[in-house]
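What follows is the content of start-v6.cif, which has mmCIF, C-alpha atoms and all ligand atoms:
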data_coords
loop_
_atom_site.group_PDB
_atom_site.id
_atom_site.type_symbol
_atom_site.label_atom_id
_atom_site.label_comp_id
_atom_site.auth_asym_id
_atom_site.auth_seq_id
_atom_site.Cartn_x
_atom_site.Cartn_y
_atom_site.Cartn_z
ATOM 1 C CA MET K 141 -67.019 154.805 59.320
ATOM 2 C CA MET K 142 -63.586 153.662 58.166
ATOM 3 C CA CYS K 143 -62.723 157.213 57.073
ATOM 4 C CA GLN K 144 -63.524 158.561 60.540
ATOM 5 C CA ARG K 145 -61.244 156.006 62.132
ATOM 6 C CA ILE K 146 -58.447 156.764 59.701
ATOM 7 C CA LYS K 147 -58.735 160.521 60.182
ATOM 8 C CA LEU K 148 -58.193 160.069 63.896
ATOM 9 C CA LEU K 149 -54.967 158.218 63.187
ATOM 10 C CA LEU K 150 -53.507 160.597 60.623
ATOM 11 C CA TYR K 151 -51.483 162.814 62.947
ATOM 12 C CA ASP K 152 -49.971 159.852 64.767
ATOM 13 C CA TYR K 153 -49.287 158.363 61.339
ATOM 14 C CA THR K 154 -47.246 161.430 60.317
ATOM 15 C CA LYS K 155 -45.333 161.134 63.591
ATOM 16 C CA GLY K 156 -44.607 157.450 63.098
ATOM 17 C CA GLU K 157 -46.352 156.799 66.408
ATOM 18 C CA LEU K 158 -48.591 153.938 65.284
ATOM 19 C CA SER K 159 -48.256 150.187 65.525
ATOM 20 C CA LYS K 160 -47.195 148.256 62.448
ATOM 21 C CA ILE K 161 -50.774 147.036 61.922
ATOM 22 C CA GLU K 162 -52.203 150.550 62.155
ATOM 23 C CA ILE K 163 -49.579 151.915 59.773
ATOM 24 C CA ASP K 164 -50.490 149.292 57.172
ATOM 25 C CA MET K 165 -54.180 150.015 57.675
ATOM 26 C CA VAL K 166 -53.734 153.778 57.148
ATOM 27 C CA LYS K 167 -51.412 153.248 54.207
ATOM 28 C CA SER K 168 -53.739 150.941 52.327
ATOM 29 C CA HIS K 169 -56.750 153.136 53.084
ATOM 30 C CA LEU K 170 -54.990 156.244 51.796
ATOM 31 C CA GLU K 171 -54.203 154.431 48.568
ATOM 32 C CA LYS K 172 -57.856 153.939 47.787
ATOM 33 C CA CYS K 173 -59.631 156.853 49.522
ATOM 34 C CA ASN K 174 -59.477 160.272 47.892
ATOM 35 C CA ALA K 175 -61.154 162.114 50.787
ATOM 36 C CA CYS K 176 -58.636 160.869 53.334
ATOM 37 C CA ARG K 177 -55.753 161.695 51.018
ATOM 38 C CA LYS K 178 -57.041 165.283 50.865
ATOM 39 C CA GLU K 179 -57.298 165.304 54.614
ATOM 40 C CA MET K 180 -53.696 164.146 54.795
ATOM 41 C CA VAL K 181 -52.527 166.913 52.450
ATOM 42 C CA PHE K 182 -54.385 169.463 54.544
ATOM 43 C CA LEU K 183 -52.833 168.122 57.737
ATOM 44 C CA GLU K 184 -49.360 168.354 56.205
ATOM 45 C CA LYS K 185 -50.066 171.991 55.346
ATOM 46 C CA ILE K 186 -51.012 172.742 58.898
ATOM 47 C CA LYS K 187 -47.938 170.952 60.189
ATOM 48 C CA SER K 188 -45.606 172.814 57.867
ATOM 49 C CA SER K 189 -47.177 176.148 58.797
ATOM 50 C CA ILE K 190 -46.349 175.462 62.443
ATOM 51 C CA ARG K 191 -42.790 174.426 61.619
ATOM 52 C CA GLN K 192 -42.314 176.953 58.893
ATOM 53 C CA GLU K 193 -40.931 180.010 60.513
ATOM 54 C CA LEU K 194 -38.198 179.939 63.130
ATOM 55 C CA LEU K 195 -37.829 183.355 64.694
ATOM 56 C CA GLU K 196 -34.479 184.988 65.319
ATOM 57 C CA PRO K 197 -33.767 186.558 68.717
ATOM 58 C CA SER K 198 -31.966 189.910 68.588
ATOM 59 C CA ASP K 199 -28.146 189.964 68.527
ATOM 60 C CA LYS K 200 -27.917 191.752 71.851
ATOM 61 C CA ILE K 201 -28.808 188.480 73.548
ATOM 62 C CA LEU K 202 -25.894 186.708 71.905
ATOM 63 C CA TYR K 203 -23.504 189.448 73.075
ATOM 64 C CA LYS K 204 -24.852 189.301 76.588
ATOM 65 C CA ILE K 205 -24.534 185.513 76.667
ATOM 66 C CA LYS K 206 -20.950 185.747 75.370
ATOM 67 C CA LYS K 207 -20.091 188.281 78.065
ATOM 68 C CA ILE K 208 -21.644 186.292 80.895
ATOM 69 C CA ASN K 209 -20.019 183.116 79.620
ATOM 70 C CA PHE K 210 -16.603 184.826 79.559
ATOM 71 C CA GLU K 211 -16.979 186.216 83.083
ATOM 72 C CA ASN K 212 -18.156 182.859 84.308
ATOM 73 C CA ARG K 213 -15.094 181.170 82.857
ATOM 74 C CA LEU K 214 -12.788 183.660 84.561
ATOM 75 C CA ILE K 215 -14.409 183.052 87.921
ATOM 76 C CA ASN K 216 -14.309 179.319 87.464
ATOM 77 C CA LEU K 217 -10.736 179.043 86.255
ATOM 78 C CA PRO K 218 -9.334 175.600 87.072
ATOM 79 C CA VAL K 219 -7.474 175.493 90.417
ATOM 80 C CA PHE K 220 -4.044 175.018 88.852
ATOM 81 C CA PHE K 221 -4.477 178.278 86.921
ATOM 82 C CA LYS K 222 -4.537 180.405 90.051
ATOM 83 C CA PRO K 223 -0.961 179.643 91.212
ATOM 84 C CA LEU K 224 0.016 180.057 87.563
ATOM 85 C CA ILE K 225 -1.324 183.616 87.586
ATOM 86 C CA ALA K 226 0.366 184.338 90.938
ATOM 87 C CA PHE K 227 3.626 183.064 89.467
ATOM 88 C CA ALA K 228 3.240 185.352 86.428
ATOM 89 C CA VAL K 229 2.766 188.378 88.699
ATOM 90 C CA LEU K 230 5.892 187.431 90.656
ATOM 91 C CA VAL K 231 7.919 187.171 87.439
ATOM 92 C CA ILE K 232 6.771 190.631 86.360
ATOM 93 C CA PHE K 233 7.904 192.079 89.719
ATOM 94 C CA LEU K 234 11.274 190.370 89.491
ATOM 95 C CA VAL K 235 11.861 191.637 85.971
ATOM 96 C CA GLY K 236 10.965 195.141 87.208
ATOM 97 C CA PHE K 237 13.500 194.939 90.038
ATOM 98 C CA ILE K 238 16.235 193.706 87.744
ATOM 99 C CA TYR K 239 15.473 196.522 85.299
ATOM 100 C CA PHE K 240 15.716 199.217 87.980
ATOM 101 C CA GLY K 241 18.792 197.537 89.440
ATOM 102 C CA ASN K 242 20.506 197.724 86.057
ATOM 103 C CA LEU K 243 19.608 201.399 85.714
ATOM 104 C CA ILE K 244 21.360 202.108 89.008
ATOM 105 C CA LYS K 245 24.388 199.992 88.065
ATOM 106 C CA GLN K 246 24.784 201.848 84.809
ATOM 107 C CA GLY K 247 24.681 205.144 86.651
ATOM 108 C CA LYS K 248 21.494 206.162 84.936
ATOM 109 C CA THR K 249 20.106 207.378 88.207
ATOM 110 C CA ASP K 250 18.527 210.483 86.736
ATOM 111 C CA LYS K 251 15.430 208.478 85.771
ATOM 112 C CA LEU K 252 15.294 207.034 89.263
ATOM 113 C CA ASP K 253 15.804 210.471 90.853
ATOM 114 C CA LYS K 254 12.942 211.824 88.795
ATOM 115 C CA PHE K 255 10.806 208.902 89.979
ATOM 116 C CA TYR K 256 11.638 209.556 93.663
ATOM 117 C CA GLN K 257 11.086 213.276 93.173
ATOM 118 C CA ASP K 258 7.585 212.605 91.791
ATOM 119 C CA ILE K 259 6.710 210.385 94.708
ATOM 120 C CA TYR K 260 8.035 213.031 97.134
ATOM 121 C CA ASP K 261 5.956 215.761 95.450
ATOM 122 C CA ILE K 262 2.851 213.660 95.611
ATOM 123 C CA SER K 263 3.340 212.860 99.302
ATOM 124 C CA VAL K 264 3.914 216.567 100.097
ATOM 125 C CA ASP K 265 0.737 217.481 98.259
ATOM 126 C CA PHE K 266 -1.061 214.773 100.134
ATOM 127 C CA ASN K 267 0.212 216.027 103.528
ATOM 128 C CA ASN K 268 -0.816 219.581 102.691
ATOM 129 C CA LEU K 269 -4.293 218.366 101.896
ATOM 130 C CA SER K 270 -4.764 216.623 105.217
ATOM 131 C CA MET A 45 -13.207 163.420 81.203
ATOM 132 C CA PRO A 46 -16.477 164.088 79.346
ATOM 133 C CA GLU A 47 -16.456 166.599 76.518
ATOM 134 C CA ARG A 48 -17.243 170.086 77.752
ATOM 135 C CA VAL A 49 -20.338 171.663 76.204
ATOM 136 C CA ASN A 50 -19.617 174.891 74.360
ATOM 137 C CA ILE A 51 -22.219 177.544 75.147
ATOM 138 C CA GLU A 52 -21.770 179.586 71.992
ATOM 139 C CA GLU A 53 -22.133 176.454 69.931
ATOM 140 C CA LEU A 54 -25.330 175.661 71.822
ATOM 141 C CA TYR A 55 -26.581 179.167 71.218
ATOM 142 C CA LYS A 56 -26.004 178.783 67.502
ATOM 143 C CA ALA A 57 -27.814 175.485 67.421
ATOM 144 C CA TYR A 58 -30.755 176.208 69.712
ATOM 145 C CA SER A 59 -31.389 179.935 70.214
ATOM 146 C CA ARG A 60 -33.875 180.180 67.353
ATOM 147 C CA MET A 61 -35.868 177.199 68.499
ATOM 148 C CA VAL A 62 -35.816 178.348 72.105
ATOM 149 C CA TYR A 63 -36.904 181.832 71.090
ATOM 150 C CA THR A 64 -39.619 180.559 68.751
ATOM 151 C CA ILE A 65 -41.108 178.189 71.327
ATOM 152 C CA ALA A 66 -41.002 180.907 74.000
ATOM 153 C CA TYR A 67 -42.583 183.417 71.658
ATOM 154 C CA ARG A 68 -45.339 181.019 70.662
ATOM 155 C CA ILE A 69 -46.133 180.432 74.320
ATOM 156 C CA VAL A 70 -45.922 183.947 75.754
ATOM 157 C CA LYS A 71 -46.830 185.718 72.474
ATOM 158 C CA ASN A 72 -44.609 188.664 73.186
ATOM 159 C CA LYS A 73 -41.161 189.456 71.762
ATOM 160 C CA ALA A 74 -39.668 191.176 74.799
ATOM 161 C CA ASP A 75 -40.684 188.335 77.105
ATOM 162 C CA ALA A 76 -39.513 185.719 74.619
ATOM 163 C CA GLU A 77 -36.097 187.407 74.483
ATOM 164 C CA ASP A 78 -35.878 187.528 78.263
ATOM 165 C CA ILE A 79 -36.723 183.849 78.405
ATOM 166 C CA THR A 80 -34.137 182.998 75.746
ATOM 167 C CA GLN A 81 -31.524 184.883 77.722
ATOM 168 C CA ASP A 82 -32.535 183.210 80.987
ATOM 169 C CA VAL A 83 -32.355 179.773 79.390
ATOM 170 C CA PHE A 84 -28.781 180.307 78.217
ATOM 171 C CA ILE A 85 -27.679 181.920 81.470
ATOM 172 C CA LYS A 86 -29.000 178.853 83.223
ATOM 173 C CA LEU A 87 -27.018 176.670 80.810
ATOM 174 C CA ILE A 88 -23.868 178.680 81.564
ATOM 175 C CA GLN A 89 -24.383 178.246 85.295
ATOM 176 C CA ILE A 90 -24.647 174.480 85.026
ATOM 177 C CA GLN A 91 -22.240 174.180 82.109
ATOM 178 C CA ASP A 92 -19.935 171.720 83.819
ATOM 179 C CA SER A 93 -22.676 169.253 84.600
ATOM 180 C CA LEU A 94 -24.200 169.420 81.114
ATOM 181 C CA ARG A 95 -23.955 166.261 79.045
ATOM 182 C CA ARG A 96 -24.556 165.989 75.333
ATOM 183 C CA GLN A 97 -26.929 163.155 75.951
ATOM 184 C CA ASN A 98 -30.520 164.408 76.321
ATOM 185 C CA LEU A 99 -29.301 167.984 75.999
ATOM 186 C CA LYS A 100 -31.985 168.989 73.526
ATOM 187 C CA THR A 101 -34.764 167.615 75.723
ATOM 188 C CA PHE A 102 -33.252 169.410 78.682
ATOM 189 C CA ILE A 103 -33.025 172.771 76.886
ATOM 190 C CA TYR A 104 -36.653 172.546 75.791
ATOM 191 C CA LYS A 105 -37.701 171.639 79.285
ATOM 192 C CA ILE A 106 -36.111 174.782 80.734
ATOM 193 C CA THR A 107 -37.610 176.837 77.912
ATOM 194 C CA VAL A 108 -41.138 175.562 78.454
ATOM 195 C CA ASN A 109 -40.922 175.917 82.235
ATOM 196 C CA LYS A 110 -39.618 179.455 82.057
ATOM 197 C CA SER A 111 -42.267 180.379 79.492
ATOM 198 C CA ILE A 112 -45.076 178.955 81.603
ATOM 199 C CA ASP A 113 -43.752 180.792 84.673
ATOM 200 C CA ARG A 114 -43.675 184.002 82.704
ATOM 201 C CA LEU A 115 -47.185 183.418 81.457
ATOM 202 C CA ARG A 116 -48.459 182.773 84.994
ATOM 203 C CA ASN A 117 -46.906 185.974 86.274
ATOM 204 C CA LYS A 118 -48.435 187.878 83.397
ATOM 205 C CA LYS A 119 -51.841 186.321 83.943
ATOM 206 C CA MET A 120 -51.768 187.577 87.479
ATOM 207 C CA GLN A 121 -51.319 191.044 86.074
ATOM 208 C CA THR A 122 -54.100 190.338 83.549
ATOM 209 C CA VAL A 123 -52.242 191.719 80.584
ATOM 210 C CA LYS A 124 -54.232 191.821 77.401
ATOM 211 C CA ASN A 125 -53.191 189.671 74.490
ATOM 212 C CA GLU A 126 -51.292 191.775 71.981
ATOM 213 C CA ASP A 127 -51.245 189.484 69.019
ATOM 214 C CA ILE A 128 -54.604 187.783 68.718
ATOM 215 C CA LYS A 129 -56.622 190.957 68.430
ATOM 216 C CA GLU A 130 -55.315 191.378 64.859
ATOM 217 C CA GLU A 131 -57.966 190.823 62.219
ATOM 218 C CA LEU A 132 -57.438 187.555 60.408
ATOM 219 C CA PRO A 133 -56.629 188.225 56.777
ATOM 220 C CA LYS A 134 -58.707 186.242 54.280
ATOM 221 C CA LYS A 135 -56.746 185.598 51.122
ATOM 222 C CA LYS A 136 -55.856 182.508 49.188
ATOM 223 C CA ASP A 137 -52.153 183.201 48.824
ATOM 224 C CA SER A 138 -50.251 180.416 50.540
ATOM 225 C CA ASN A 139 -48.051 182.728 52.616
ATOM 226 C CA GLU A 140 -51.107 184.411 53.959
ATOM 227 C CA ASN A 141 -52.583 181.037 54.681
ATOM 228 C CA ASN A 142 -49.554 180.356 56.833
ATOM 229 C CA ILE A 143 -50.143 183.614 58.648
ATOM 230 C CA ILE A 144 -53.734 182.649 59.239
ATOM 231 C CA LEU A 145 -52.740 179.213 60.457
ATOM 232 C CA ASN A 146 -50.173 180.726 62.798
ATOM 233 C CA LEU A 147 -52.758 183.093 64.226
ATOM 234 C CA LEU A 148 -55.181 180.226 64.671
ATOM 235 C CA MET A 149 -52.482 178.271 66.430
ATOM 236 C CA GLU A 150 -52.327 181.044 69.029
ATOM 237 C CA LYS A 151 -55.945 180.339 69.824
ATOM 238 C CA ILE A 152 -55.311 176.730 70.707
ATOM 239 C CA ASP A 153 -55.434 176.086 74.413
ATOM 240 C CA ILE A 154 -51.990 176.362 75.995
ATOM 241 C CA GLU A 155 -52.136 172.780 77.320
ATOM 242 C CA GLN A 156 -52.492 171.542 73.764
ATOM 243 C CA ARG A 157 -50.374 174.194 72.081
ATOM 244 C CA ILE A 158 -47.185 173.459 73.986
ATOM 245 C CA PRO A 159 -47.006 169.736 73.131
ATOM 246 C CA ILE A 160 -47.896 170.548 69.512
ATOM 247 C CA LEU A 161 -45.024 173.055 69.325
ATOM 248 C CA LEU A 162 -42.664 170.514 70.847
ATOM 249 C CA SER A 163 -43.865 167.917 68.394
ATOM 250 C CA GLU A 164 -43.559 170.083 65.280
ATOM 251 C CA ILE A 165 -40.808 172.600 66.009
ATOM 252 C CA GLY A 166 -38.787 170.418 68.360
ATOM 253 C CA GLY A 167 -39.483 167.263 66.368
ATOM 254 C CA PHE A 168 -39.871 165.288 69.587
ATOM 255 C CA SER A 169 -41.620 161.950 69.915
ATOM 256 C CA TYR A 170 -44.594 161.591 72.259
ATOM 257 C CA LYS A 171 -42.333 159.882 74.756
ATOM 258 C CA GLU A 172 -39.840 162.745 74.753
ATOM 259 C CA ILE A 173 -42.633 165.307 75.057
ATOM 260 C CA SER A 174 -44.053 163.433 78.004
ATOM 261 C CA GLU A 175 -40.616 163.641 79.657
ATOM 262 C CA ILE A 176 -40.256 167.353 78.950
ATOM 263 C CA LEU A 177 -43.709 168.173 80.279
ATOM 264 C CA GLU A 178 -43.663 165.502 82.983
ATOM 265 C CA THR A 179 -47.071 164.309 81.864
ATOM 266 C CA ASN A 180 -47.994 160.781 80.885
ATOM 267 C CA ILE A 181 -47.743 159.798 77.275
ATOM 268 C CA GLY A 182 -51.453 159.034 76.800
ATOM 269 C CA THR A 183 -52.404 162.523 77.950
ATOM 270 C CA ILE A 184 -49.825 164.076 75.637
ATOM 271 C CA LYS A 185 -51.079 162.059 72.707
ATOM 272 C CA SER A 186 -54.688 163.037 73.270
ATOM 273 C CA ARG A 187 -53.875 166.724 73.873
ATOM 274 C CA ILE A 188 -51.898 166.925 70.660
ATOM 275 C CA ASN A 189 -54.619 165.208 68.662
ATOM 276 C CA ARG A 190 -57.362 167.372 70.138
ATOM 277 C CA GLY A 191 -55.371 170.524 69.453
ATOM 278 C CA ILE A 192 -54.621 169.492 65.876
ATOM 279 C CA ASN A 193 -58.281 168.664 65.274
ATOM 280 C CA THR A 194 -59.406 172.033 66.609
ATOM 281 C CA LEU A 195 -56.806 173.698 64.424
ATOM 282 C CA LYS A 196 -58.015 171.784 61.365
ATOM 283 C CA GLN A 197 -61.602 172.694 62.154
ATOM 284 C CA MET A 198 -60.845 176.394 62.552
ATOM 285 C CA ALA A 199 -58.609 176.408 59.497
ATOM 286 C CA LYS A 200 -61.340 174.901 57.333
ATOM 287 C CA GLU A 201 -63.699 177.658 58.355
ATOM 288 C CA GLU A 202 -61.126 180.390 58.004
ATOM 289 C CA ILE A 203 -59.333 179.421 54.805
ATOM 290 C CA ASP A 204 -61.018 178.973 51.442
ATOM 291 C CA ASP A 205 -62.035 175.439 50.662
ATOM 292 C CA ASP A 206 -59.707 175.009 47.731
ATOM 293 C CA VAL A 207 -56.688 175.061 50.041
ATOM 294 C CA SER A 208 -57.517 171.583 51.172
ATOM 295 C CA GLU A 209 -58.012 170.376 47.646
ATOM 296 C CA ASN A 210 -54.864 171.167 45.724
HETATM 297 ZN ZN ZN Q 301 -61.218 157.609 53.767
#
The structure in this file should be written as structure tokens.
Ligand SMILES: [Zn+2]
Amino acid sequence: MMCQRIKLLLYDYTKGELSKIEIDMVKSHLEKCNACRKEMVFLEKIKSSIRQELLEPSDKILYKIKKINFENRLINLPVFFKPLIAFAVLVIFLVGFIYFGNLIKQGKTDKLDKFYQDIYDISVDFNNLS
Amino acid sequence: MPERVNIEELYKAYSRMVYTIAYRIVKNKADAEDITQDVFIKLIQIQDSLRRQNLKTFIYKITVNKSIDRLRNKKMQTVKNEDIKEELPKKKDSNENNIILNLLMEKIDIEQRIPILLSEIGGFSYKEISEILETNIGTIKSRINRGINTLKQMAKEEIDDDVSEN
């Protein structure tokens, strides 16, 4: 009779989900009952077999998660970042203008002429097409 | 400002548990991987509202819900069970005993299996499991105990007697 009662409490006992009185009851019964001790050992085996093996998902999931996380962070950049990026673009344009301006000042217009010539050629080609 | 949760850190900490729980519920690797991916995409989407507190419980909750959804959709297509049809090996070697026990676990009713997985793999208390599954604690407790008893019963029949004696 007692053994039956104890067996019903064993899983909760391993989980620490019993009252203080029940814990003491199970503990003292286990000390003197060989059959229930065996039952306990068997239960622990079953528990460890469930816990035993954590499976590993394939790496492609990690890569996909990294990618999505990165994209998500770009989209959700903090508000103050956006003017910062606009400012950076402006700076790049300014530097470009100053560079070309210097080329002209120094009389190195051949590079610039070549540039205009290319644009002209492209626009002629484009007109011929249409 | 609360500390922002790092998704890659979360992935490192939880992906194996998420995948294992999903796999043990849907019993299929491809589905379990889809679920794992969905769980973390969901976490990315709500990253800013994530708090470290209760995070583990929350992750398991999404995992279980997505797995059950997947299972329901599959049931509607009446897909056969790929893994249980394997013959149970009958050897004394302890590794093989674990295999047997794992296969037996698959036979436990899903209502009992899920709280058992949360209890053993997740290490959750009955109270936490009842929050994850939104079921009252008494029901959880009795489902877990019934499942474990069935498992013990089947294991005793399946595995040689001496396993329970050493
Ligand atoms: Zn006893």
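Of note, CA of Phe237 (chain K) and CA of Phe220 (chain K) are spaced 26.6 Å apart.
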Mind listing the residues within 8 Å of ligand ZN 301 (chain Q), only C-alpha atoms and all ligand atoms counted, as a VMD selection string? chain K and resid 142 to 144 146 to 147 169 to 170 172 to 177
Counting all atoms listed in the file, which residues from chain A have an atom at most 6 Å from any atom of chain K, and could you show them as a ChimeraX atom specification? /A:60,64,142,164-165,208
Pull out every residue that the PyMOL selection byres (((chain A and resi 144-156) around 6) and not hetatm) matches in the shown coordinates and put them as number ranges by chain. A: 141-143, 157-159, 187-188, 191
What would the file look like if the residues just selected were written as a JSON list (two decimals), in the frame of the given file with C-alpha atoms?
[["chain", "number", "residue", "atom", "x", "y", "z"],
["A", 141, "ASN", "CA", -52.58, 181.04, 54.68],
["A", 142, "ASN", "CA", -49.55, 180.36, 56.83],
["A", 143, "ILE", "CA", -50.14, 183.61, 58.65],
["A", 157, "ARG", "CA", -50.37, 174.19, 72.08],
["A", 158, "ILE", "CA", -47.18, 173.46, 73.99],
["A", 159, "PRO", "CA", -47.01, 169.74, 73.13],
["A", 187, "ARG", "CA", -53.88, 166.72, 73.87],
["A", 188, "ILE", "CA", -51.90, 166.92, 70.66],
["A", 191, "GLY", "CA", -55.37, 170.52, 69.45]]
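The gap separating CA of Leu161 (chain A) from CA of Ala199 (chain A) is 17.1 Å, in Å to one decimal.
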Once 8 Å is added on each side, what centre and edge lengths in Å to one decimal does the axis-aligned box around all listed atoms of region 95-111 of chain A have, as JSON?
{"center_x": -33.1, "center_y": 171.8, "center_z": 77.9, "size_x": 34.3, "size_y": 33.2, "size_z": 24.7}
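Taking CA of Glu184 (chain K) as the reference point, CA of Thr154 (chain K) is found at 8.3 Å.
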Polymer residues at most 9 Å from Gln91 (chain A), only C-alpha atoms, same-chain spacing of 6 or more positions, as a PDB file with C-alpha atoms, in the coordinates of the input:
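Listing of out27.pdb after writing:
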ATOM      1  CA  ARG A  48     -17.243 170.086  77.752  1.00  0.00           C
ATOM      2  CA  VAL A  49     -20.338 171.663  76.204  1.00  0.00           C
ATOM      3  CA  ASN A  50     -19.617 174.891  74.360  1.00  0.00           C
ATOM      4  CA  ILE A  51     -22.219 177.544  75.147  1.00  0.00           C
TER       5      ILE A  51
END
Just so the selection is clear, what residues does the PyMOL selection byres (((chain A and resi 170) around 9) and not hetatm) cover here, as a PDB file with C-alpha atoms, in the frame of the given file?
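Just written: expr_35.pdb:
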ATOM      1  CA  LYS K 155     -45.333 161.134  63.591  1.00  0.00           C
ATOM      2  CA  GLU K 157     -46.352 156.799  66.408  1.00  0.00           C
TER       3      GLU K 157
ATOM      4  CA  PRO A 159     -47.006 169.736  73.131  1.00  0.00           C
ATOM      5  CA  SER A 163     -43.865 167.917  68.394  1.00  0.00           C
ATOM      6  CA  PHE A 168     -39.871 165.288  69.587  1.00  0.00           C
ATOM      7  CA  SER A 169     -41.620 161.950  69.915  1.00  0.00           C
ATOM      8  CA  LYS A 171     -42.333 159.882  74.756  1.00  0.00           C
ATOM      9  CA  GLU A 172     -39.840 162.745  74.753  1.00  0.00           C
ATOM     10  CA  ILE A 173     -42.633 165.307  75.057  1.00  0.00           C
ATOM     11  CA  SER A 174     -44.053 163.433  78.004  1.00  0.00           C
ATOM     12  CA  GLU A 175     -40.616 163.641  79.657  1.00  0.00           C
ATOM     13  CA  ILE A 181     -47.743 159.798  77.275  1.00  0.00           C
ATOM     14  CA  GLY A 182     -51.453 159.034  76.800  1.00  0.00           C
ATOM     15  CA  ILE A 184     -49.825 164.076  75.637  1.00  0.00           C
ATOM     16  CA  LYS A 185     -51.079 162.059  72.707  1.00  0.00           C
TER      17      LYS A 185
END
Residues at most 9 Å from region 106-114 of chain A, counting all atoms listed in the file, excluding those fewer than 3 positions away in the same chain, as a PDB file with C-alpha atoms, in the frame of the given file?
ATOM      1  CA  VAL A  62     -35.816 178.348  72.105  1.00  0.00           C
ATOM      2  CA  TYR A  63     -36.904 181.832  71.090  1.00  0.00           C
ATOM      3  CA  ILE A  65     -41.108 178.189  71.327  1.00  0.00           C
ATOM      4  CA  ALA A  66     -41.002 180.907  74.000  1.00  0.00           C
ATOM      5  CA  TYR A  67     -42.583 183.417  71.658  1.00  0.00           C
ATOM      6  CA  ILE A  69     -46.133 180.432  74.320  1.00  0.00           C
ATOM      7  CA  VAL A  70     -45.922 183.947  75.754  1.00  0.00           C
ATOM      8  CA  ASP A  75     -40.684 188.335  77.105  1.00  0.00           C
ATOM      9  CA  ALA A  76     -39.513 185.719  74.619  1.00  0.00           C
ATOM     10  CA  ILE A  79     -36.723 183.849  78.405  1.00  0.00           C
ATOM     11  CA  THR A  80     -34.137 182.998  75.746  1.00  0.00           C
ATOM     12  CA  ASP A  82     -32.535 183.210  80.987  1.00  0.00           C
ATOM     13  CA  VAL A  83     -32.355 179.773  79.390  1.00  0.00           C
ATOM     14  CA  LYS A  86     -29.000 178.853  83.223  1.00  0.00           C
ATOM     15  CA  THR A 101     -34.764 167.615  75.723  1.00  0.00           C
ATOM     16  CA  PHE A 102     -33.252 169.410  78.682  1.00  0.00           C
ATOM     17  CA  ILE A 103     -33.025 172.771  76.886  1.00  0.00           C
ATOM     18  CA  ASN A 117     -46.906 185.974  86.274  1.00  0.00           C
ATOM     19  CA  LYS A 118     -48.435 187.878  83.397  1.00  0.00           C
ATOM     20  CA  LYS A 119     -51.841 186.321  83.943  1.00  0.00           C
ATOM     21  CA  ILE A 158     -47.185 173.459  73.986  1.00  0.00           C
ATOM     22  CA  ILE A 176     -40.256 167.353  78.950  1.00  0.00           C
ATOM     23  CA  LEU A 177     -43.709 168.173  80.279  1.00  0.00           C
TER      24      LEU A 177
END
